[in-house]
$ cat data15.cif   # mmCIF, C-alpha atoms
data_start
#
loop_
_atom_site.label_atom_id
_atom_site.label_comp_id
_atom_site.auth_asym_id
_atom_site.auth_seq_id
_atom_site.Cartn_x
_atom_site.Cartn_y
_atom_site.Cartn_z
CA MET A 1 9.80 10.49 -17.21
CA PRO A 2 8.86 12.74 -14.26
CA GLY A 3 5.21 13.73 -14.04
CA GLN A 4 3.76 10.47 -15.36
CA SER A 5 2.74 9.04 -11.98
CA PRO A 6 -0.97 9.26 -11.03
CA TYR A 7 0.06 10.01 -7.43
CA ARG A 8 1.35 13.33 -6.16
CA ARG A 9 2.50 11.94 -2.81
CA VAL A 10 2.72 8.43 -1.38
CA LEU A 11 3.68 6.82 1.92
CA LEU A 12 5.81 3.71 1.53
CA LYS A 13 5.92 1.35 4.50
CA ILE A 14 8.93 -0.97 4.49
CA SER A 15 9.66 -3.62 7.08
CA GLY A 16 12.99 -4.02 8.81
CA GLU A 17 13.19 -7.39 7.07
CA SER A 18 13.58 -5.58 3.74
CA LEU A 19 17.03 -4.46 4.91
CA CYS A 20 18.40 -7.90 5.77
CA GLN A 21 18.66 -11.32 4.19
CA ALA A 22 15.95 -13.92 4.81
CA ASP A 23 15.97 -15.40 8.32
CA GLN A 24 18.80 -13.10 9.37
CA SER A 25 19.07 -9.88 11.35
CA GLY A 26 20.98 -6.63 11.10
CA ILE A 27 21.47 -4.59 7.93
CA ASP A 28 22.74 -6.37 4.84
CA PRO A 29 24.58 -4.18 2.27
CA GLU A 30 22.97 -5.90 -0.73
CA ALA A 31 19.45 -5.68 0.70
CA LEU A 32 19.99 -2.03 1.67
CA SER A 33 21.24 -1.17 -1.80
CA HIS A 34 18.29 -2.94 -3.43
CA ILE A 35 15.59 -1.13 -1.46
CA ALA A 36 17.38 2.23 -1.75
CA SER A 37 17.78 1.95 -5.52
CA GLU A 38 14.13 0.94 -5.86
CA ILE A 39 13.02 3.98 -3.87
CA ALA A 40 15.33 6.31 -5.80
CA ASP A 41 13.97 5.00 -9.11
CA ALA A 42 10.39 5.52 -7.93
CA ALA A 43 11.21 9.06 -6.77
CA SER A 44 12.49 9.88 -10.25
CA SER A 45 8.88 9.58 -11.47
CA GLY A 46 8.18 12.93 -9.83
CA THR A 47 6.03 11.44 -7.07
CA GLN A 48 6.82 12.67 -3.57
CA ILE A 49 7.77 9.74 -1.34
CA ALA A 50 7.70 9.45 2.44
CA VAL A 51 9.03 6.20 3.91
CA VAL A 52 8.19 4.63 7.26
CA THR A 53 10.78 2.10 8.39
CA GLY A 54 10.19 -0.92 10.57
CA GLY A 55 12.80 -2.26 12.95
CA GLY A 56 12.24 -5.99 13.14
CA ASN A 57 15.65 -6.77 11.65
CA ILE A 58 17.26 -5.19 14.71
CA ILE A 59 14.80 -5.53 17.56
CA ARG A 60 11.15 -6.38 18.11
CA GLY A 61 9.73 -4.72 21.21
CA ALA A 62 7.09 -7.32 22.02
CA ASP A 63 9.50 -10.24 21.65
CA LEU A 64 12.18 -8.47 23.65
CA ALA A 65 9.83 -7.68 26.52
CA ALA A 66 8.91 -11.35 26.82
CA ARG A 67 12.46 -12.68 26.55
CA LEU A 68 14.13 -10.19 28.87
CA LYS A 69 11.12 -9.81 31.17
CA ILE A 70 11.27 -6.05 30.93
CA ASP A 71 8.47 -3.54 30.70
CA GLN A 72 6.71 -3.40 27.33
CA SER A 73 7.14 0.37 27.15
CA THR A 74 10.91 0.09 27.55
CA ALA A 75 11.12 -2.64 24.92
CA ASP A 76 9.02 -0.59 22.50
CA TYR A 77 11.29 2.44 22.90
CA MET A 78 14.26 0.18 22.17
CA GLY A 79 12.43 -0.93 19.03
CA MET A 80 11.98 2.70 18.01
CA LEU A 81 15.74 3.16 18.16
CA GLY A 82 16.08 0.20 15.82
CA THR A 83 13.93 1.98 13.24
CA VAL A 84 16.16 5.06 13.57
CA MET A 85 19.23 2.94 12.81
CA ASN A 86 17.49 1.59 9.71
CA GLY A 87 16.49 5.09 8.67
CA MET A 88 20.05 6.37 9.03
CA ALA A 89 21.38 3.61 6.81
CA LEU A 90 18.66 4.12 4.19
CA LYS A 91 19.21 7.89 4.09
CA GLU A 92 22.94 7.46 3.55
CA ARG A 93 22.48 4.95 0.75
CA LEU A 94 19.86 7.09 -1.00
CA GLU A 95 22.16 10.09 -0.96
CA GLN A 96 25.02 7.96 -2.30
CA LEU A 97 22.71 7.19 -5.22
CA GLY A 98 22.12 10.90 -5.81
CA GLN A 99 18.62 10.99 -4.31
CA PRO A 100 18.24 13.77 -1.71
CA ALA A 101 16.76 12.43 1.53
CA ARG A 102 15.97 13.56 5.05
CA LEU A 103 15.58 11.49 8.21
CA MET A 104 12.92 12.63 10.66
CA SER A 105 12.31 11.06 14.05
CA ALA A 106 9.23 11.00 16.27
CA ILE A 107 11.52 11.15 19.30
CA ASP A 108 14.07 13.93 19.73
CA LEU A 109 17.52 12.78 18.57
CA PRO A 110 19.07 16.04 17.34
CA ALA A 111 22.49 14.53 16.68
CA LEU A 112 20.99 11.87 14.40
CA ALA A 113 17.80 13.13 12.80
CA GLU A 114 15.44 16.05 12.47
CA SER A 115 12.45 15.98 14.78
CA PHE A 116 9.23 15.24 12.92
CA ILE A 117 7.40 18.49 12.23
CA ARG A 118 4.59 18.17 9.72
CA LYS A 119 5.18 21.45 7.87
CA ARG A 120 8.90 20.78 7.63
CA ALA A 121 8.28 17.28 6.27
CA LEU A 122 5.92 18.70 3.64
CA ARG A 123 8.54 21.26 2.63
CA HIS A 124 11.15 18.52 2.18
CA LEU A 125 8.71 16.53 0.05
CA ASP A 126 7.88 19.56 -2.08
CA LYS A 127 11.61 19.97 -2.74
CA GLY A 128 11.88 16.43 -4.09
CA ARG A 129 13.53 14.89 -1.03
CA VAL A 130 12.60 11.42 0.14
CA VAL A 131 11.51 11.80 3.77
CA ILE A 132 12.32 8.83 5.99
CA LEU A 133 10.12 8.70 9.08
CA ALA A 134 11.63 6.79 11.99
CA ALA A 135 10.82 6.00 15.65
CA GLY A 136 7.22 5.08 14.86
CA THR A 137 4.67 7.40 16.44
CA GLY A 138 7.03 8.11 19.32
CA ASN A 139 4.76 6.20 21.66
CA PRO A 140 4.93 2.63 22.99
CA PHE A 141 2.19 0.10 22.17
CA PHE A 142 1.79 1.41 18.61
CA THR A 143 3.16 -0.47 15.60
CA THR A 144 5.02 1.03 12.66
CA ASP A 145 1.97 0.11 10.55
CA THR A 146 -0.06 2.47 12.71
CA CYS A 147 2.69 5.06 12.25
CA ALA A 148 2.42 4.60 8.48
CA SER A 149 -1.35 5.21 8.56
CA LEU A 150 -0.92 8.24 10.81
CA ARG A 151 1.86 9.85 8.79
CA ALA A 152 0.13 9.15 5.49
CA THR A 153 -2.93 10.95 6.82
CA GLU A 154 -0.92 13.85 8.28
CA LEU A 155 1.03 14.34 5.07
CA ASN A 156 -2.04 14.16 2.81
CA CYS A 157 -0.72 11.16 0.89
CA ASP A 158 -2.80 9.72 -1.93
CA VAL A 159 -2.09 6.09 -1.05
CA LEU A 160 -0.29 3.92 1.49
CA LEU A 161 2.06 1.42 -0.15
CA LYS A 162 2.85 -1.57 2.04
CA ALA A 163 5.90 -3.44 0.76
CA THR A 164 5.93 -7.08 1.87
CA LYS A 165 7.58 -10.41 1.14
CA VAL A 166 4.57 -11.65 -0.85
CA ASP A 167 2.87 -10.23 -3.93
CA GLY A 168 -0.40 -9.25 -2.26
CA ILE A 169 -3.05 -10.43 0.16
CA TYR A 170 -4.09 -14.09 0.11
CA THR A 171 -6.97 -16.08 1.54
CA SER A 172 -4.38 -17.72 3.82
CA ASP A 173 -0.59 -17.85 4.16
CA PRO A 174 0.67 -18.88 0.67
CA LYS A 175 3.86 -20.27 2.22
CA LYS A 176 1.85 -22.70 4.32
CA ASN A 177 -1.07 -23.29 1.98
CA PRO A 178 -0.23 -23.87 -1.71
CA ASN A 179 -3.94 -23.55 -2.53
CA ALA A 180 -4.20 -20.03 -1.10
CA GLN A 181 -5.72 -17.55 -3.54
CA LYS A 182 -4.64 -13.97 -4.05
CA PHE A 183 -7.04 -11.05 -3.88
CA ASP A 184 -6.74 -8.38 -6.56
CA ARG A 185 -8.80 -5.98 -4.46
CA LEU A 186 -10.66 -5.89 -1.15
CA THR A 187 -12.62 -3.44 0.95
CA PHE A 188 -11.34 -2.49 4.38
CA ARG A 189 -14.32 -4.22 5.95
CA GLU A 190 -13.64 -7.46 4.07
CA ALA A 191 -9.99 -7.41 5.13
CA VAL A 192 -10.94 -6.91 8.78
CA ASP A 193 -13.80 -9.41 8.81
CA ARG A 194 -11.67 -12.10 7.18
CA LYS A 195 -8.80 -11.40 9.63
CA LEU A 196 -6.32 -11.37 6.76
CA GLY A 197 -3.61 -9.62 8.78
CA VAL A 198 -2.99 -6.85 6.26
CA MET A 199 -2.17 -4.40 9.06
CA ASP A 200 -3.06 -4.17 12.73
CA ILE A 201 -6.62 -3.10 13.55
CA THR A 202 -5.62 0.41 14.65
CA ALA A 203 -3.77 1.06 11.39
CA MET A 204 -6.54 -0.42 9.26
CA SER A 205 -9.24 1.54 11.09
CA MET A 206 -7.41 4.81 10.50
CA CYS A 207 -7.09 4.09 6.78
CA MET A 208 -10.77 3.16 6.63
CA GLU A 209 -11.86 6.31 8.47
CA GLN A 210 -9.71 8.53 6.25
CA ASP A 211 -10.60 6.64 3.06
CA LEU A 212 -6.89 6.12 2.43
CA PRO A 213 -6.30 3.26 -0.04
CA ILE A 214 -3.65 0.63 0.69
CA ILE A 215 -1.69 -1.32 -1.89
CA VAL A 216 0.10 -4.43 -0.68
CA PHE A 217 2.86 -5.65 -3.00
CA ASN A 218 6.17 -7.54 -3.14
CA TYR A 219 9.30 -5.41 -2.68
CA HIS A 220 11.68 -8.21 -3.70
CA GLU A 221 10.91 -7.97 -7.42
CA SER A 222 13.02 -5.31 -9.07
CA GLY A 223 11.02 -2.35 -10.35
CA ASN A 224 7.91 -3.04 -8.27
CA ILE A 225 8.04 0.15 -6.22
CA ARG A 226 8.31 2.19 -9.42
CA ARG A 227 5.50 0.16 -11.01
CA VAL A 228 3.08 0.74 -8.16
CA VAL A 229 3.99 4.44 -7.98
CA ASP A 230 3.37 4.68 -11.73
CA GLY A 231 -0.13 3.31 -11.17
CA GLU A 232 0.39 -0.20 -12.51
CA MET A 233 -2.08 -2.64 -10.96
CA ILE A 234 0.12 -5.04 -9.04
CA GLY A 235 -0.39 -6.60 -5.63
CA THR A 236 -3.69 -6.11 -3.81
CA LEU A 237 -5.66 -2.88 -3.54
CA VAL A 238 -7.65 -2.26 -0.33
CA THR A 239 -10.20 0.56 -0.46
CA GLY A 240 -13.44 1.66 1.12
CA SER A 241 -15.38 1.01 -2.09
CA GLU A 242 -18.16 -1.50 -1.60
CA THR A 243 -17.29 -3.64 -4.60
CA ASN A 244 -17.25 -7.40 -4.82
CA GLU A 245 -13.91 -8.87 -3.84
CA SER A 246 -11.76 -10.12 -6.69
CA VAL A 247 -9.73 -13.28 -6.28
CA THR A 248 -7.03 -14.34 -8.70
CA LYS A 249 -7.62 -17.96 -9.56
#
$ encode --input "data15.cif" --output "structure tokens"
Amino acid sequence: MPGQSPYRRVLLKISGESLCQADQSGIDPEALSHIASEIADAASSGTQIAVVTGGGNIIRGADLAARLKIDQSTADYMGMLGTVMNGMALKERLEQLGQPARLMSAIDLPALAESFIRKRALRHLDKGRVVILAAGTGNPFFTTDTCASLRATELNCDVLLKATKVDGIYTSDPKKNPNAQKFDRLTFREAVDRKLGVMDITAMSMCMEQDLPIIVFNYHESGNIRRVVDGEMIGTLVTGSETNESVTK
């Protein structure tokens, strides 16, 4: 039922990989429908949801710059356009599901998306619309994780939800190390000192400075976005609280 969530407003960061099948590229209809239905279900809780989209399923700026031997700035702008394409597809699918949504871009693309204006984004959120934030920060050399931290701060979100392929943060890569252990919670400092790769240093530093908690969880499992929005303790919580780390044995 609406109103049961402990959060008034959240920022959900999804990777481009969430919109395609494993080890593939492009936008897969089944993957798109899954993530859109999960977001729509979470929005029905009454929590306001802003979404930052990655673009790795279409183009990765750093990889492209190396392969094509083009300037990093140019490759990064091409990557931003990839996130816009993802945002367009997600907006359409959300609206097909009956969930109002708006696409806002950090670079001006008036034929495709609204330009990101903070007050306008807040008004959309207050009206129950999912706001999809594309084109990163609008600047090269910044990741979409940094965009997520920035937008979450700008929009006064209560928490940053990072949807990943694994169910939290581990002591090492669980796909490579079967003995890796999962953390239930960490401090920002512990995550940085251990080099756990939760987010890039710029994004993590912003969250730490703003005391913005991060929850890392698995988007593949049906219902997980709704569960985390409803306050269920899944995944790994990263905060500024100086508490002893908790590892799931």
$ axis_aligned_box --input "data15.cif" --around "range 183-189 of chain A" --padding-each-side "6 Å" --output "JSON"
{"center_x": -10.5, "center_y": -6.8, "center_z": -0.3, "size_x": 19.6, "size_y": 20.6, "size_z": 24.5}
$ closest_atom_pairs --input "data15.cif" --of "range 153-225 of chain A" --to "range 32-47 of chain A" --cutoff "12 Å" --atoms "only C-alpha atoms" --output "JSON lines"
{"residue": "A:Cys157", "atom": "CA", "partner": "A:Thr47", "partner_atom": "CA", "distance": 10.4}
{"residue": "A:Asp158", "atom": "CA", "partner": "A:Thr47", "partner_atom": "CA", "distance": 10.4}
{"residue": "A:Val159", "atom": "CA", "partner": "A:Thr47", "partner_atom": "CA", "distance": 11.4}
{"residue": "A:Leu161", "atom": "CA", "partner": "A:Ile39", "partner_atom": "CA", "distance": 11.9}
{"residue": "A:Ala163", "atom": "CA", "partner": "A:Ile35", "partner_atom": "CA", "distance": 10.2}
{"residue": "A:Thr164", "atom": "CA", "partner": "A:Ile35", "partner_atom": "CA", "distance": 11.8}
{"residue": "A:Asn218", "atom": "CA", "partner": "A:Ile35", "partner_atom": "CA", "distance": 11.5}
{"residue": "A:Tyr219", "atom": "CA", "partner": "A:Ile35", "partner_atom": "CA", "distance": 7.7}
{"residue": "A:His220", "atom": "CA", "partner": "A:Ile35", "partner_atom": "CA", "distance": 8.4}
{"residue": "A:Glu221", "atom": "CA", "partner": "A:Glu38", "partner_atom": "CA", "distance": 9.6}
{"residue": "A:Ser222", "atom": "CA", "partner": "A:Glu38", "partner_atom": "CA", "distance": 7.1}
{"residue": "A:Gly223", "atom": "CA", "partner": "A:Glu38", "partner_atom": "CA", "distance": 6.4}
{"residue": "A:Asn224", "atom": "CA", "partner": "A:Glu38", "partner_atom": "CA", "distance": 7.8}
{"residue": "A:Ile225", "atom": "CA", "partner": "A:Ala42", "partner_atom": "CA", "distance": 6.1}
$ closest_atom_pairs --input "data15.cif" --of "range 125-237 of chain A" --to "range 64-74 of chain A" --cutoff "10 Å" --atoms "only C-alpha atoms" --output "JSON lines"
{"residue": "A:Asn139", "atom": "CA", "partner": "A:Ser73", "partner_atom": "CA", "distance": 8.4}
{"residue": "A:Pro140", "atom": "CA", "partner": "A:Ser73", "partner_atom": "CA", "distance": 5.2}
{"residue": "A:Phe141", "atom": "CA", "partner": "A:Ser73", "partner_atom": "CA", "distance": 7.0}
$ resolve_selection --input "data15.cif" --expression "the PyMOL selection byres ((chain A and resi 133) around 6)" --output "list in words"
Val51, Val52, Met104, Ser105, Ile132 and Ala134 of chain A
$ write_last_selection --input "data15.cif" --atoms "C-alpha atoms" --output "PDB file, in the coordinates of the input"
ATOM      1  CA  VAL A  51       9.030   6.200   3.910  1.00  0.00           C
ATOM      2  CA  VAL A  52       8.190   4.630   7.260  1.00  0.00           C
ATOM      3  CA  MET A 104      12.920  12.630  10.660  1.00  0.00           C
ATOM      4  CA  SER A 105      12.310  11.060  14.050  1.00  0.00           C
ATOM      5  CA  ILE A 132      12.320   8.830   5.990  1.00  0.00           C
ATOM      6  CA  ALA A 134      11.630   6.790  11.990  1.00  0.00           C
TER       7      ALA A 134
END
$ residues_around --input "data15.cif" --residues "Met85 in chain A" --least-positions-apart "4" --cutoff "9 Å" --atoms "all atoms listed in the file" --output "list in words"
Gly55, Ile58, Met80, Leu81, Ala89, Leu90 and Ala134 of chain A
$ write_last_selection --input "data15.cif" --atoms "C-alpha atoms" --output "PDB file, in the frame of the given file"
ATOM      1  CA  GLY A  55      12.800  -2.260  12.950  1.00  0.00           C
ATOM      2  CA  ILE A  58      17.260  -5.190  14.710  1.00  0.00           C
ATOM      3  CA  MET A  80      11.980   2.700  18.010  1.00  0.00           C
ATOM      4  CA  LEU A  81      15.740   3.160  18.160  1.00  0.00           C
ATOM      5  CA  ALA A  89      21.380   3.610   6.810  1.00  0.00           C
ATOM      6  CA  LEU A  90      18.660   4.120   4.190  1.00  0.00           C
ATOM      7  CA  ALA A 134      11.630   6.790  11.990  1.00  0.00           C
TER       8      ALA A 134
END
$ closest_residue --input "data15.cif" --among "A:Lys127, A:Lys195, A:Lys13, A:Arg8" --to "Cys147 in chain A" --atoms "all atoms listed in the file"
A:Lys13
$ residues_near_point --input "data15.cif" --point "(6.0, 12.1, 16.1)" --cutoff "7 Å" --atoms "all atoms listed in the file" --output "list in words"
Ser105, Ala106, Ile107, Phe116, Thr137 and Gly138 of chain A
$ closest_residue --input "data15.cif" --among "A:Phe142, A:Phe188, A:Tyr77, A:Phe217" --to "Gly168 in chain A" --atoms "only C-alpha atoms"
A:Phe217
$ residues_around --input "data15.cif" --residues "range 196-212 of chain A" --least-positions-apart "4" --cutoff "6 Å" --atoms "only C-alpha atoms" --output "ChimeraX atom specification"
/A:145-146,149,159,191
$ resolve_selection --input "data15.cif" --expression "the PyMOL selection byres ((chain A and resi 236-240) around 6)" --output "list of chain:residue names"
A:Gly168, A:Ile169, A:Phe183, A:Asp184, A:Arg185, A:Leu186, A:Thr187, A:Phe188, A:Pro213, A:Ile214, A:Ile215, A:Val216, A:Gly235, A:Ser241
$ write_last_selection --input "data15.cif" --atoms "C-alpha atoms" --output "short mmCIF file (atom, residue, chain, number, x, y, z; two decimals), keeping the file's coordinate frame"
data_model
loop_
_atom_site.label_atom_id
_atom_site.label_comp_id
_atom_site.auth_asym_id
_atom_site.auth_seq_id
_atom_site.Cartn_x
_atom_site.Cartn_y
_atom_site.Cartn_z
CA GLY A 168 -0.40 -9.25 -2.26
CA ILE A 169 -3.05 -10.43 0.16
CA PHE A 183 -7.04 -11.05 -3.88
CA ASP A 184 -6.74 -8.38 -6.56
CA ARG A 185 -8.80 -5.98 -4.46
CA LEU A 186 -10.66 -5.89 -1.15
CA THR A 187 -12.62 -3.44 0.95
CA PHE A 188 -11.34 -2.49 4.38
CA PRO A 213 -6.30 3.26 -0.04
CA ILE A 214 -3.65 0.63 0.69
CA ILE A 215 -1.69 -1.32 -1.89
CA VAL A 216 0.10 -4.43 -0.68
CA GLY A 235 -0.39 -6.60 -5.63
CA SER A 241 -15.38 1.01 -2.09
#
$ closest_residue --input "data15.cif" --among "A:Leu94, A:Ala113, A:Ala50, A:Val192" --to "Val10 in chain A" --atoms "only C-alpha atoms"
A:Ala50
$ atom_distance --input "data15.cif" --atom1 "CA of Leu11 in chain A" --atom2 "CA of Gly98 in chain A"
20.4 Å
$ resolve_selection --input "data15.cif" --expression "the PyMOL selection byres ((chain A and resi 230) around 7)" --output "compact mmCIF listing (two decimals) with C-alpha atoms, in the coordinates of the input"
# COMPACT_ATOMS: atom_id res chain seq x y z
CA GLN A 4 3.76 10.47 -15.36
CA SER A 5 2.74 9.04 -11.98
CA PRO A 6 -0.97 9.26 -11.03
CA ARG A 226 8.31 2.19 -9.42
CA ARG A 227 5.50 0.16 -11.01
CA VAL A 228 3.08 0.74 -8.16
CA VAL A 229 3.99 4.44 -7.98
CA GLY A 231 -0.13 3.31 -11.17
CA GLU A 232 0.39 -0.20 -12.51
$ atom_distance --input "data15.cif" --atom1 "CA of Gly56 in chain A" --atom2 "CA of Leu103 in chain A"
18.5 Å
$ atom_distance --input "data15.cif" --atom1 "CA of Val130 in chain A" --atom2 "CA of Leu109 in chain A"
19.1 Å
$ closest_residue --input "data15.cif" --among "A:Arg93, A:Met78, A:Lys119, A:Lys165" --to "Glu17 in chain A" --atoms "only C-alpha atoms"
A:Lys165
$ closest_residue --input "data15.cif" --among "A:Gly16, A:Pro29, A:Gly61, A:Pro110" --to "Glu92 in chain A" --atoms "only C-alpha atoms"
A:Pro29
$ closest_residue --input "data15.cif" --among "A:Cys20, A:Ile59, A:Ile234, A:Ala31" --to "Val166 in chain A" --atoms "only C-alpha atoms"
A:Ile234
